[in-house]
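Visitor: Just target_4.txt, nothing more (compact mmCIF, C-alpha atoms and all ligand atoms):
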```txt
# COMPACT_ATOMS: atom_id res chain seq x y z
CA MET A 1 -67.37 -90.74 49.78
CA SER A 2 -66.34 -88.84 46.64
CA ALA A 3 -68.95 -87.50 44.25
CA THR A 4 -68.87 -88.98 40.73
CA LEU A 5 -68.97 -87.22 37.36
CA ILE A 6 -70.71 -89.54 34.90
CA LEU A 7 -69.70 -88.85 31.30
CA HIS A 8 -71.84 -89.00 28.18
CA ALA A 9 -71.31 -92.15 26.13
CA GLY A 10 -68.11 -91.85 24.07
CA LYS A 11 -66.76 -88.92 26.09
CA GLU A 12 -64.40 -91.22 27.99
CA ARG A 13 -62.15 -91.51 24.92
CA SER A 14 -59.85 -88.58 25.69
CA LEU A 15 -59.43 -89.85 29.26
CA LEU A 16 -58.48 -93.29 27.96
CA ARG A 17 -55.76 -91.50 25.94
CA ARG A 18 -54.71 -89.93 29.26
CA HIS A 19 -55.69 -86.37 28.42
CA PRO A 20 -56.28 -84.73 31.81
CA TRP A 21 -59.22 -82.40 31.05
CA VAL A 22 -62.92 -83.19 31.35
CA PHE A 23 -65.03 -80.58 29.56
CA GLU A 24 -68.41 -79.34 30.81
CA THR A 25 -70.05 -80.70 27.65
CA SER A 26 -68.75 -84.23 28.35
CA VAL A 27 -70.45 -84.51 31.75
CA ALA A 28 -73.90 -86.13 31.76
CA ARG A 29 -74.52 -85.77 35.51
CA VAL A 30 -72.94 -85.52 38.93
CA THR A 31 -73.92 -87.98 41.63
CA GLY A 32 -73.27 -86.89 45.20
CA LYS A 33 -72.23 -83.48 46.44
CA ALA A 34 -69.05 -81.77 45.26
CA ARG A 35 -67.71 -78.31 46.08
CA PRO A 36 -65.09 -76.41 44.03
CA GLY A 37 -61.74 -78.18 44.21
CA ASP A 38 -63.11 -81.39 45.71
CA THR A 39 -61.67 -84.65 44.47
CA VAL A 40 -64.27 -86.50 42.40
CA ILE A 41 -64.36 -89.81 40.56
CA VAL A 42 -64.80 -89.58 36.79
CA ALA A 43 -66.75 -92.51 35.34
CA ASP A 44 -67.89 -93.53 31.87
CA ALA A 45 -71.57 -93.73 30.90
CA GLN A 46 -71.78 -97.26 32.36
CA GLY A 47 -70.47 -96.00 35.71
CA GLN A 48 -67.01 -97.56 35.27
CA PRO A 49 -64.55 -95.36 37.23
CA LEU A 50 -61.66 -94.02 35.11
CA ALA A 51 -59.83 -91.36 37.10
CA LYS A 52 -59.70 -89.11 40.12
CA ALA A 53 -59.97 -85.44 39.33
CA ALA A 54 -60.42 -82.00 40.84
CA TYR A 55 -63.88 -80.50 40.38
CA SER A 56 -64.17 -76.98 38.87
CA PRO A 57 -67.91 -76.18 38.73
CA HIS A 58 -67.31 -72.63 37.40
CA SER A 59 -65.02 -73.60 34.52
CA LYS A 60 -65.66 -75.07 31.08
CA ILE A 61 -62.88 -77.47 32.05
CA ARG A 62 -65.15 -79.08 34.60
CA ALA A 63 -62.53 -81.42 36.07
CA ARG A 64 -58.76 -81.89 35.87
CA VAL A 65 -57.32 -85.33 36.46
CA TRP A 66 -55.01 -85.89 39.41
CA SER A 67 -54.64 -89.62 38.77
CA PHE A 68 -55.73 -92.10 36.11
CA ASP A 69 -55.94 -94.69 38.89
CA PRO A 70 -59.49 -94.18 40.20
CA HIS A 71 -58.48 -95.83 43.48
CA ALA A 72 -55.39 -93.68 44.16
CA PRO A 73 -55.66 -91.70 47.39
CA ILE A 74 -55.37 -87.95 46.70
CA ASP A 75 -53.76 -86.70 49.87
CA HIS A 76 -50.64 -84.94 51.22
CA ALA A 77 -48.48 -87.94 50.29
CA PHE A 78 -49.76 -87.82 46.69
CA PHE A 79 -48.65 -84.20 46.23
CA LYS A 80 -45.33 -84.82 47.96
CA ARG A 81 -44.65 -87.71 45.57
CA ARG A 82 -45.62 -85.81 42.42
CA ILE A 83 -43.38 -82.88 43.41
CA GLU A 84 -40.46 -85.18 44.21
CA GLN A 85 -40.93 -86.88 40.83
CA ALA A 86 -40.93 -83.51 39.04
CA LEU A 87 -37.69 -82.52 40.78
CA ALA A 88 -36.09 -85.90 40.00
CA ARG A 89 -37.06 -85.53 36.32
CA ARG A 90 -35.14 -82.27 36.14
CA ALA A 91 -32.20 -83.56 38.18
CA ALA A 92 -31.78 -86.31 35.57
CA LEU A 93 -31.04 -83.75 32.83
CA PRO A 94 -27.40 -82.58 32.96
CA GLU A 95 -28.23 -79.45 30.93
CA LEU A 96 -30.36 -78.19 33.81
CA ALA A 97 -27.70 -78.80 36.45
CA GLY A 98 -26.70 -75.66 38.32
CA GLN A 99 -29.41 -73.42 36.82
CA GLU A 100 -30.27 -70.75 39.38
CA GLY A 101 -33.63 -70.14 37.72
CA LEU A 102 -35.55 -73.35 37.08
CA ARG A 103 -39.16 -74.39 36.50
CA LEU A 104 -39.82 -77.10 39.08
CA VAL A 105 -43.39 -77.99 38.18
CA HIS A 106 -45.01 -77.33 34.79
CA ALA A 107 -48.66 -78.00 35.64
CA GLU A 108 -50.39 -80.72 33.56
CA SER A 109 -47.08 -81.79 32.03
CA ASP A 110 -45.83 -82.79 35.49
CA GLY A 111 -49.11 -84.43 36.51
CA LEU A 112 -50.17 -81.41 38.59
CA PRO A 113 -52.86 -79.44 36.73
CA GLY A 114 -53.14 -75.87 37.97
CA VAL A 115 -49.76 -75.91 39.72
CA ILE A 116 -46.74 -73.96 38.49
CA ALA A 117 -43.58 -73.52 40.52
CA ASP A 118 -40.30 -71.81 39.63
CA ARG A 119 -37.18 -71.66 41.74
CA TYR A 120 -34.98 -68.56 41.74
CA GLY A 121 -31.94 -69.29 43.91
CA ASP A 122 -33.35 -70.29 47.28
CA THR A 123 -36.81 -68.82 46.65
CA VAL A 124 -39.71 -70.85 45.27
CA VAL A 125 -42.46 -68.94 43.48
CA MET A 126 -45.67 -70.97 43.30
CA GLN A 127 -48.69 -70.15 41.15
CA LEU A 128 -52.03 -71.93 41.56
CA THR A 129 -54.55 -71.54 38.75
CA SER A 130 -57.32 -74.09 39.40
CA ALA A 131 -59.87 -74.81 42.12
CA GLY A 132 -58.25 -78.20 42.72
CA ALA A 133 -54.78 -76.74 43.21
CA GLU A 134 -56.28 -74.08 45.47
CA LYS A 135 -57.77 -76.75 47.69
CA TRP A 136 -54.35 -78.34 48.29
CA ARG A 137 -52.40 -75.10 48.85
CA GLY A 138 -51.18 -76.16 52.31
CA ALA A 139 -49.97 -79.57 51.15
CA LEU A 140 -48.25 -78.06 48.11
CA ILE A 141 -46.41 -75.39 50.13
CA GLU A 142 -45.23 -77.96 52.64
CA ALA A 143 -44.07 -80.33 49.91
CA PHE A 144 -42.23 -77.65 47.90
CA VAL A 145 -40.40 -76.36 50.97
CA LYS A 146 -39.40 -79.86 52.09
CA ALA A 147 -38.44 -81.20 48.66
CA THR A 148 -36.35 -78.16 47.63
CA GLY A 149 -34.91 -77.12 50.99
CA CYS A 150 -35.45 -73.51 49.83
CA ALA A 151 -35.44 -70.75 52.44
CA ARG A 152 -38.65 -69.09 51.30
CA LEU A 153 -41.77 -69.50 49.21
CA PHE A 154 -43.82 -66.76 47.59
CA GLU A 155 -47.29 -67.38 46.20
CA ARG A 156 -48.01 -65.56 42.94
CA SER A 157 -51.57 -66.71 42.29
CA ASP A 158 -52.65 -63.65 40.32
CA SER A 159 -52.92 -65.09 36.80
CA GLU A 160 -56.07 -63.93 35.02
CA VAL A 161 -57.05 -67.53 34.24
CA ARG A 162 -58.08 -67.87 37.91
CA ALA A 163 -61.18 -65.82 37.14
CA LEU A 164 -62.41 -68.67 34.90
CA GLU A 165 -62.34 -70.88 37.99
CA GLY A 166 -64.15 -68.32 40.12
CA LEU A 167 -60.96 -67.63 42.10
CA GLU A 168 -59.69 -64.26 43.32
CA ALA A 169 -56.07 -63.17 42.88
CA VAL A 170 -53.93 -63.91 45.94
CA THR A 171 -50.24 -63.24 46.50
CA GLY A 172 -47.95 -63.29 49.51
CA TRP A 173 -45.13 -64.92 51.41
CA ARG A 174 -46.10 -68.40 52.54
CA HIS A 175 -42.79 -69.55 54.02
CA GLY A 176 -39.67 -67.79 55.31
CA THR A 177 -39.05 -64.07 55.31
CA PRO A 178 -38.74 -61.78 52.29
CA PRO A 179 -35.15 -61.58 51.01
CA ALA A 180 -33.07 -58.59 52.17
CA ALA A 181 -31.86 -57.81 48.63
CA PRO A 182 -33.52 -58.17 45.19
CA ILE A 183 -33.41 -61.71 43.82
CA VAL A 184 -30.71 -62.12 41.16
CA ILE A 185 -30.11 -65.24 39.10
CA GLU A 186 -27.29 -66.00 36.69
CA GLU A 187 -28.23 -67.37 33.28
CA HIS A 188 -25.41 -68.40 30.92
CA GLY A 189 -23.05 -66.03 32.74
CA VAL A 190 -25.42 -63.04 32.70
CA LYS A 191 -26.95 -61.74 35.94
CA MET A 192 -30.66 -60.96 35.85
CA ALA A 193 -32.74 -59.51 38.68
CA VAL A 194 -36.15 -61.16 39.02
CA ASP A 195 -39.09 -59.22 40.41
CA ILE A 196 -41.12 -62.14 41.73
CA GLU A 197 -43.82 -59.96 43.31
CA THR A 198 -44.84 -57.83 40.32
CA GLY A 199 -42.93 -59.08 37.24
CA HIS A 200 -44.63 -61.08 34.48
CA LYS A 201 -45.54 -64.73 35.18
CA THR A 202 -43.47 -65.64 38.25
CA GLY A 203 -41.06 -62.81 37.43
CA PHE A 204 -39.04 -64.17 34.52
CA TYR A 205 -39.44 -66.04 31.20
CA LEU A 206 -37.47 -69.15 32.11
CA ASP A 207 -38.86 -70.97 29.05
CA GLN A 208 -36.61 -68.93 26.71
CA ARG A 209 -33.36 -69.84 28.49
CA ASP A 210 -31.90 -72.03 25.71
CA ASN A 211 -33.04 -69.65 22.98
CA ARG A 212 -31.34 -66.70 24.65
CA ARG A 213 -28.10 -68.69 24.62
CA LEU A 214 -28.61 -69.51 20.95
CA LEU A 215 -28.95 -65.79 20.22
CA ALA A 216 -25.64 -65.13 22.02
CA THR A 217 -23.89 -67.64 19.75
CA LEU A 218 -25.16 -65.84 16.64
CA SER A 219 -24.48 -62.27 17.77
CA LYS A 220 -20.76 -61.63 17.30
CA GLY A 221 -20.29 -58.39 15.40
CA LYS A 222 -24.00 -58.27 14.52
CA ARG A 223 -26.64 -55.52 14.64
CA VAL A 224 -29.44 -56.97 16.78
CA LEU A 225 -33.04 -55.80 17.09
CA ASN A 226 -34.85 -57.31 20.09
CA CYS A 227 -38.61 -56.69 19.95
CA PHE A 228 -40.73 -57.22 23.10
CA CYS A 229 -37.54 -57.23 25.19
CA TYR A 230 -39.17 -57.27 28.69
CA THR A 231 -36.26 -57.07 31.20
CA GLY A 232 -33.61 -57.54 28.52
CA GLY A 233 -33.01 -61.30 28.61
CA PHE A 234 -32.27 -61.65 24.89
CA SER A 235 -30.63 -58.19 24.72
CA LEU A 236 -28.01 -58.92 27.37
CA GLN A 237 -27.21 -62.32 25.84
CA ALA A 238 -26.69 -60.59 22.48
CA LEU A 239 -24.27 -58.16 24.15
CA ALA A 240 -22.52 -61.07 25.89
CA GLY A 241 -22.19 -62.72 22.48
CA GLY A 242 -20.40 -59.67 21.09
CA ALA A 243 -23.16 -57.82 19.20
CA SER A 244 -22.03 -54.49 17.74
CA ARG A 245 -25.41 -52.88 18.43
CA VAL A 246 -28.53 -54.03 20.30
CA LEU A 247 -31.73 -52.05 19.93
CA SER A 248 -34.43 -53.25 22.36
CA ILE A 249 -38.09 -52.30 22.26
CA ASP A 250 -40.86 -52.79 24.81
CA SER A 251 -44.02 -50.84 25.62
CA SER A 252 -43.50 -51.25 29.38
CA GLN A 253 -41.32 -48.60 31.02
CA PRO A 254 -40.99 -50.63 34.27
CA ALA A 255 -39.69 -53.57 32.20
CA LEU A 256 -37.14 -51.30 30.48
CA ASP A 257 -36.08 -49.81 33.84
CA GLN A 258 -35.47 -53.34 35.05
CA ALA A 259 -33.48 -54.07 31.87
CA LEU A 260 -31.20 -51.11 32.63
CA THR A 261 -30.77 -52.37 36.19
CA ASN A 262 -29.88 -55.78 34.77
CA LEU A 263 -27.32 -54.23 32.43
CA ALA A 264 -25.72 -52.50 35.44
CA LEU A 265 -25.47 -55.86 37.21
CA ASN A 266 -23.14 -56.99 34.40
CA PRO A 267 -20.27 -54.50 34.20
CA ALA A 268 -18.40 -56.71 31.73
CA LEU A 269 -21.05 -55.97 29.07
CA ASP A 270 -20.56 -52.91 26.86
CA GLY A 271 -23.71 -50.93 27.62
CA SER A 272 -22.75 -48.23 25.09
CA ARG A 273 -23.80 -50.69 22.35
CA ALA A 274 -27.32 -50.97 23.81
CA GLU A 275 -30.28 -48.70 23.06
CA TRP A 276 -33.65 -49.07 24.76
CA ARG A 277 -36.89 -47.73 23.35
CA CYS A 278 -40.25 -47.55 25.09
CA ALA A 279 -42.60 -47.97 22.13
CA ASN A 280 -45.29 -50.06 20.51
CA VAL A 281 -43.43 -52.62 18.39
CA PHE A 282 -46.04 -52.47 15.61
CA GLU A 283 -45.39 -48.73 15.19
CA GLU A 284 -41.67 -48.71 15.93
CA LEU A 285 -40.91 -51.35 13.28
CA ARG A 286 -42.59 -49.13 10.68
CA ARG A 287 -40.58 -46.13 11.86
CA LEU A 288 -37.33 -48.13 11.65
CA LYS A 289 -38.19 -49.25 8.13
CA ALA A 290 -39.05 -45.70 7.06
CA ALA A 291 -35.73 -44.51 8.52
CA GLY A 292 -33.87 -47.09 6.40
CA GLU A 293 -32.50 -49.04 9.38
CA VAL A 294 -31.08 -52.53 8.78
CA PHE A 295 -30.28 -55.37 11.20
CA ASP A 296 -28.50 -58.72 11.01
CA LEU A 297 -30.63 -60.38 13.69
CA VAL A 298 -34.25 -59.65 14.58
CA VAL A 299 -35.92 -61.24 17.62
CA LEU A 300 -39.72 -61.22 17.85
CA ASP A 301 -40.99 -62.61 21.17
CA PRO A 302 -44.44 -61.06 21.54
CA PRO A 303 -46.98 -61.70 24.29
CA LYS A 304 -49.72 -64.27 23.82
CA PHE A 305 -51.88 -62.89 20.97
CA ALA A 306 -54.24 -65.93 21.00
CA PRO A 307 -54.94 -67.48 24.40
CA SER A 308 -57.28 -69.97 22.68
CA ALA A 309 -58.12 -71.14 19.15
CA ALA A 310 -61.06 -68.68 19.11
CA HIS A 311 -58.56 -65.79 18.89
CA ALA A 312 -56.47 -67.37 16.12
CA GLY A 313 -57.76 -65.05 13.37
CA ALA A 314 -56.84 -61.74 14.95
CA ALA A 315 -53.63 -63.26 16.29
CA SER A 316 -52.62 -64.45 12.82
CA ARG A 317 -52.90 -60.92 11.46
CA ALA A 318 -50.75 -59.56 14.31
CA TYR A 319 -48.08 -62.25 13.81
CA LYS A 320 -48.12 -61.65 10.08
CA ASP A 321 -47.64 -57.92 10.56
CA ILE A 322 -44.61 -58.06 12.84
CA ASN A 323 -42.96 -60.88 10.93
CA LEU A 324 -43.43 -59.06 7.63
CA LEU A 325 -41.77 -55.97 9.09
CA GLY A 326 -39.05 -58.12 10.67
CA PHE A 327 -38.19 -59.64 7.28
CA LYS A 328 -38.08 -56.20 5.67
CA LEU A 329 -35.57 -54.94 8.25
CA LEU A 330 -33.09 -57.80 7.76
CA ALA A 331 -29.85 -57.51 5.83
CA PRO A 332 -29.07 -60.32 3.33
CA GLY A 333 -27.79 -63.34 5.26
CA GLY A 334 -29.52 -62.15 8.42
CA PHE A 335 -31.57 -64.21 10.88
CA LEU A 336 -35.11 -63.84 12.13
CA MET A 337 -35.77 -65.49 15.49
CA THR A 338 -39.52 -65.51 15.80
CA TYR A 339 -41.86 -66.94 18.43
CA SER A 340 -45.47 -67.55 19.29
CA CYS A 341 -46.49 -68.43 22.85
CA SER A 342 -50.18 -68.60 21.90
CA GLY A 343 -51.90 -71.83 22.86
CA GLY A 344 -54.44 -71.07 20.11
CA VAL A 345 -51.84 -71.02 17.31
CA THR A 346 -50.33 -74.36 16.29
CA ILE A 347 -46.80 -74.69 14.93
CA GLU A 348 -48.27 -75.52 11.51
CA LEU A 349 -50.33 -72.33 11.50
CA PHE A 350 -47.43 -70.26 12.83
CA GLN A 351 -45.12 -71.53 10.10
CA LYS A 352 -47.74 -70.74 7.48
CA ILE A 353 -48.09 -67.18 8.80
CA VAL A 354 -44.32 -66.65 8.80
CA ALA A 355 -44.05 -68.12 5.29
CA GLY A 356 -46.72 -65.67 4.12
CA ALA A 357 -44.82 -62.81 5.74
CA ALA A 358 -41.55 -63.78 4.00
CA CYS A 359 -43.34 -64.03 0.67
CA ASP A 360 -45.00 -60.61 1.06
CA ALA A 361 -41.67 -59.09 2.09
CA GLY A 362 -40.17 -60.52 -1.09
CA ARG A 363 -37.57 -62.57 0.81
CA THR A 364 -36.35 -66.09 0.19
CA ALA A 365 -35.93 -67.65 3.62
CA ARG A 366 -35.16 -71.00 5.26
CA ILE A 367 -35.90 -72.51 8.65
CA VAL A 368 -32.55 -73.48 10.09
CA LYS A 369 -33.88 -74.55 13.48
CA ARG A 370 -37.20 -75.12 15.20
CA LEU A 371 -37.24 -73.68 18.69
CA GLN A 372 -39.18 -74.60 21.81
CA GLY A 373 -39.24 -74.08 25.56
CA ALA A 374 -36.34 -75.30 27.70
CA ALA A 375 -36.19 -78.84 29.13
CA ASP A 376 -37.66 -77.79 32.47
CA HIS A 377 -40.88 -77.07 30.51
CA PRO A 378 -41.59 -80.61 29.30
CA ILE A 379 -44.63 -81.49 27.18
CA ASP A 380 -46.69 -84.52 28.20
CA LEU A 381 -47.36 -86.42 24.97
CA ALA A 382 -50.96 -86.92 26.08
CA PHE A 383 -51.35 -83.16 26.58
CA PRO A 384 -50.32 -81.30 23.39
CA GLU A 385 -51.77 -78.08 24.84
CA GLY A 386 -48.59 -77.98 26.94
CA GLU A 387 -46.64 -77.01 23.82
CA TYR A 388 -47.48 -73.31 23.96
CA LEU A 389 -44.07 -71.87 22.99
CA LYS A 390 -42.89 -72.46 19.45
CA GLY A 391 -40.25 -70.63 17.52
CA LEU A 392 -38.36 -70.60 14.25
CA LEU A 393 -34.84 -69.54 13.49
CA ILE A 394 -34.94 -68.36 9.90
CA GLU A 395 -32.10 -67.35 7.61
CA VAL A 396 -32.91 -64.91 4.83
CA GLU A 397 -31.11 -64.60 1.50
N1 LIG B 1 -38.37 -61.89 25.38
C1 LIG B 1 -38.66 -61.60 26.76
C2 LIG B 1 -40.11 -61.86 27.13
C3 LIG B 1 -41.13 -61.09 26.31
S1 LIG B 1 -42.68 -60.97 27.07
C4 LIG B 1 -37.69 -62.36 27.67
O1 LIG B 1 -36.92 -63.22 27.16
O2 LIG B 1 -37.67 -62.11 28.86
C5 LIG B 1 -43.55 -59.88 26.06
C6 LIG B 1 -43.22 -58.39 26.27
O3 LIG B 1 -43.94 -57.67 25.28
C7 LIG B 1 -43.64 -57.78 27.59
O4 LIG B 1 -42.51 -57.23 28.22
C8 LIG B 1 -44.65 -56.66 27.22
O5 LIG B 1 -44.46 -55.48 28.00
C9 LIG B 1 -44.29 -56.39 25.80
N2 LIG B 1 -45.35 -55.87 24.91
C10 LIG B 1 -46.63 -56.30 24.78
N3 LIG B 1 -47.24 -55.68 23.76
C11 LIG B 1 -46.33 -54.81 23.20
C12 LIG B 1 -46.35 -53.92 22.09
N4 LIG B 1 -47.42 -53.78 21.34
N5 LIG B 1 -45.22 -53.23 21.83
C13 LIG B 1 -44.12 -53.38 22.58
N6 LIG B 1 -44.03 -54.23 23.62
C14 LIG B 1 -45.12 -54.95 23.94
```
Give the structure from the file, written as structure tokens.
Guide:
Amino acid sequence: MSATLILHAGKERSLLRRHPWVFETSVARVTGKARPGDTVIVADAQGQPLAKAAYSPHSKIRARVWSFDPHAPIDHAFFKRRIEQALARRAALPELAGQEGLRLVHAESDGLPGVIADRYGDTVVMQLTSAGAEKWRGALIEAFVKATGCARLFERSDSEVRALEGLEAVTGWRHGTPPAAPIVIEEHGVKMAVDIETGHKTGFYLDQRDNRRLLATLSKGKRVLNCFCYTGGFSLQALAGGASRVLSIDSSQPALDQALTNLALNPALDGSRAEWRCANVFEELRRLKAAGEVFDLVVLDPPKFAPSAAHAGAASRAYKDINLLGFKLLAPGGFLMTYSCSGGVTIELFQKIVAGAACDAGRTARIVKRLQGAADHPIDLAFPEGEYLKGLLIEVE
């Protein structure tokens, strides 16, 4: 018999709109006994059952909904079905066909809160971030292996958000044997090695796939500045697109080493046009400005400055600073490609910050395209928090 979370009166509204989170402050009481990760019934103040959810007693997000059918069995078959549905959703999109690197499951947006899975060739990298997902590890591994037919599965459950759930970091091979050679995927004709064991996220920023291609289309004959370059995803696409010069900056030497390895994997690219600098972007942009450098394309893809709305103030100042400097470094007619992957910064706020930066830099500028994550990172309409990555392609006069 499942325990039941009884909500305060009125707190059922977000669930009725199919938002999958139940906050600590919404819960009036718990009837029955529930341990971390257990499946519980969520009921309104009158005791009317509304959903089945995973219990997270250590988190402010006290429960995450598995199903809005309070009678649905949450078992191995449930997870198998949700994973098959997520795969089918992607298979239905021709633009994703043949991608060697693909997000298979995007957590809440695929009806699986706390579950992320990316496929790199025949390796699945799975990341579990909630007590509920943790509880079903075995079922999830089995379902991913069966549904994908992949040779191996690596678990990369070392995201810091696990601490909020009272979970330790765990990583390791859960199926198959480690590959004999480094994992390499091809993205729009460029080979990229993916360090699934120690790289960021599951090893690669798959969400920027379409935007890297867009950069390639703009790069012919252009001087490109790629800030926060990580392993060179945008940089190599700029080279592939015919850039005359690509200066890439990151503060992580291991990431830059990997970028050089990636360049070597692509002998058709002219590496003599690429420069790599290990530096703090905030300082390096000032140095470039002082040195009188000018670029035709500036990419700003910083890390998450605001994980939640509480950090929006400090994050806004950081976004303003780099965007201001980015505008100042652009030649007339140049493009700024600027991103925020902060959940705590909305697109409206981000646009306001960038507008302020353009104004302070004394530049007239236009949005020519709004940018977002690739189609394998869908956004459930009931879960706007899923829209973490937002970008603007801006043309300056
Ligand atoms: N654009 C990349 C992903 C960027 S991730 C891609 O398409 O793959 C953000 C990167 O910013 C990380 O590699 C991190 O090392 C780097 N970083 C974080 N803070 C920095 C700073 N202050 N200066 C320079 N690089 C920074």
Visitor: Which residues of chain A sit at most 7 Å from ligand LIG 1 (chain B), using only C-alpha atoms and all ligand atoms? Give each one's shortest atom pair and distance in Å (one decimal place), in chain and ascending residue order, as a tab-separated table.
Guide:
```
residue	atom	partner	partner_atom	distance
A:Phe204	CA	B:LIG1	O2	6.2
A:Tyr205	CA	B:LIG1	O2	4.9
A:Gln208	CA	B:LIG1	O1	5.7
A:Cys227	CA	B:LIG1	C13	6.9
A:Phe228	CA	B:LIG1	O3	3.9
A:Cys229	CA	B:LIG1	N1	4.7
A:Tyr230	CA	B:LIG1	O4	3.4
A:Thr231	CA	B:LIG1	O2	5.7
A:Gly232	CA	B:LIG1	O2	6.1
A:Gly233	CA	B:LIG1	O1	4.6
A:Phe234	CA	B:LIG1	O1	5.4
A:Ile249	CA	B:LIG1	C13	6.1
A:Asp250	CA	B:LIG1	N6	3.7
A:Ser251	CA	B:LIG1	N6	3.9
A:Ser252	CA	B:LIG1	O5	4.6
A:Ala255	CA	B:LIG1	O4	6.1
A:Ala279	CA	B:LIG1	C13	5.6
A:Asn280	CA	B:LIG1	N5	3.4
A:Val281	CA	B:LIG1	N5	3.9
A:Phe282	CA	B:LIG1	N4	6.0
A:Asp301	CA	B:LIG1	N1	5.0
A:Pro302	CA	B:LIG1	C5	4.8
A:Pro303	CA	B:LIG1	C5	4.3
```
Visitor: Which residues come within 7 Å of A:Ala28, counting all atoms listed in the file, excluding same-chain residues fewer than 2 positions away, as a count of residues only?
Guide: 4
Visitor: Give me the residues within 7 Å of stretch 174-181 of chain A as JSON, numbers by chain, counting all atoms listed in the file and dropping any in the same chain fewer than 4 places off.
Guide: {"A": [151, 152, 153, 154, 155]}
Visitor: Just the number, please: distance in Å from atom CA of A:Gly271 to atom CA of A:Leu215, one decimal.
Guide: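 Pair atom CA of A:Gly271 / atom CA of A:Leu215 returns 17.4 Å.
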Visitor: Skip stretch 48-59 of chain A itself and residues of its chain fewer than 2 positions away, then list as a VMD selection string all residues within 10 Å of it, counting only C-alpha atoms.
Guide: chain A and resid 2 to 7 12 15 to 16 18 20 to 24 34 to 46 61 to 74 113 to 114 130 to 133 135 162 to 167
Visitor: Go ahead and write the selection's residues with C-alpha atoms as a tab-separated table (two decimals), keeping the file's coordinate frame.
Guide:
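again.tsv written:
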```tsv
chain	number	residue	atom	x	y	z
A	2	SER	CA	-66.34	-88.84	46.64
A	3	ALA	CA	-68.95	-87.50	44.25
A	4	THR	CA	-68.87	-88.98	40.73
A	5	LEU	CA	-68.97	-87.22	37.36
A	6	ILE	CA	-70.71	-89.54	34.90
A	7	LEU	CA	-69.70	-88.85	31.30
A	12	GLU	CA	-64.40	-91.22	27.99
A	15	LEU	CA	-59.43	-89.85	29.26
A	16	LEU	CA	-58.48	-93.29	27.96
A	18	ARG	CA	-54.71	-89.93	29.26
A	20	PRO	CA	-56.28	-84.73	31.81
A	21	TRP	CA	-59.22	-82.40	31.05
A	22	VAL	CA	-62.92	-83.19	31.35
A	23	PHE	CA	-65.03	-80.58	29.56
A	24	GLU	CA	-68.41	-79.34	30.81
A	34	ALA	CA	-69.05	-81.77	45.26
A	35	ARG	CA	-67.71	-78.31	46.08
A	36	PRO	CA	-65.09	-76.41	44.03
A	37	GLY	CA	-61.74	-78.18	44.21
A	38	ASP	CA	-63.11	-81.39	45.71
A	39	THR	CA	-61.67	-84.65	44.47
A	40	VAL	CA	-64.27	-86.50	42.40
A	41	ILE	CA	-64.36	-89.81	40.56
A	42	VAL	CA	-64.80	-89.58	36.79
A	43	ALA	CA	-66.75	-92.51	35.34
A	44	ASP	CA	-67.89	-93.53	31.87
A	45	ALA	CA	-71.57	-93.73	30.90
A	46	GLN	CA	-71.78	-97.26	32.36
A	61	ILE	CA	-62.88	-77.47	32.05
A	62	ARG	CA	-65.15	-79.08	34.60
A	63	ALA	CA	-62.53	-81.42	36.07
A	64	ARG	CA	-58.76	-81.89	35.87
A	65	VAL	CA	-57.32	-85.33	36.46
A	66	TRP	CA	-55.01	-85.89	39.41
A	67	SER	CA	-54.64	-89.62	38.77
A	68	PHE	CA	-55.73	-92.10	36.11
A	69	ASP	CA	-55.94	-94.69	38.89
A	70	PRO	CA	-59.49	-94.18	40.20
A	71	HIS	CA	-58.48	-95.83	43.48
A	72	ALA	CA	-55.39	-93.68	44.16
A	73	PRO	CA	-55.66	-91.70	47.39
A	74	ILE	CA	-55.37	-87.95	46.70
A	113	PRO	CA	-52.86	-79.44	36.73
A	114	GLY	CA	-53.14	-75.87	37.97
A	130	SER	CA	-57.32	-74.09	39.40
A	131	ALA	CA	-59.87	-74.81	42.12
A	132	GLY	CA	-58.25	-78.20	42.72
A	133	ALA	CA	-54.78	-76.74	43.21
A	135	LYS	CA	-57.77	-76.75	47.69
A	162	ARG	CA	-58.08	-67.87	37.91
A	163	ALA	CA	-61.18	-65.82	37.14
A	164	LEU	CA	-62.41	-68.67	34.90
A	165	GLU	CA	-62.34	-70.88	37.99
A	166	GLY	CA	-64.15	-68.32	40.12
A	167	LEU	CA	-60.96	-67.63	42.10
```
Visitor: Rounded to one decimal in Å, what is the spacing between atom CA of A:Asp118 and atom CA of A:Val194?
Guide: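 Rounded to one decimal, the two atoms are 11.4 Å apart.
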Visitor: Calculate how many Å separate atom CA of A:Phe79 from atom CA of A:Glu197, rounding to one decimal.
Guide: 24.9 Å
Visitor: With only C-alpha atoms counted, which protein, DNA or RNA residues have an atom no more than 12 Å from (-19.4, -73.7, 38.5) in the file frame? Please answer as a list in words.
Guide: Ala97, Gly98, Gln99, Glu100, Glu186, His188 and Gly189 of chain A
Visitor: For the point (-38.4, -72.0, 31.3) in file coordinates, what residues are within 12 Å, counting all atoms listed in the file? Give the answer as a PyMOL selection string?
Guide: chain A and resi 90+96+99-106+116-120+187+201-212+372-378+388-389
Visitor: Out of A:Arg286, A:Lys11, A:Lys352, A:Arg245, which residue has the shortest atom-to-atom distance to A:Ser272 when counting only C-alpha atoms?
Guide: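 Of A:Arg286, A:Lys11, A:Lys352, A:Arg245, the one nearest A:Ser272 is A:Arg245, counting only C-alpha atoms.
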Visitor: Set the distance at 10 Å and use all atoms listed in the file: which residues neighbour stretch 235-240 of chain A once local chain neighbours fewer than 6 positions away are removed? I'd like the list as a PyMOL selection string.
Guide: chain A and resi 187-192+211-227+229+246-249+259-260+262-263+266+268-271+273-276+297+299
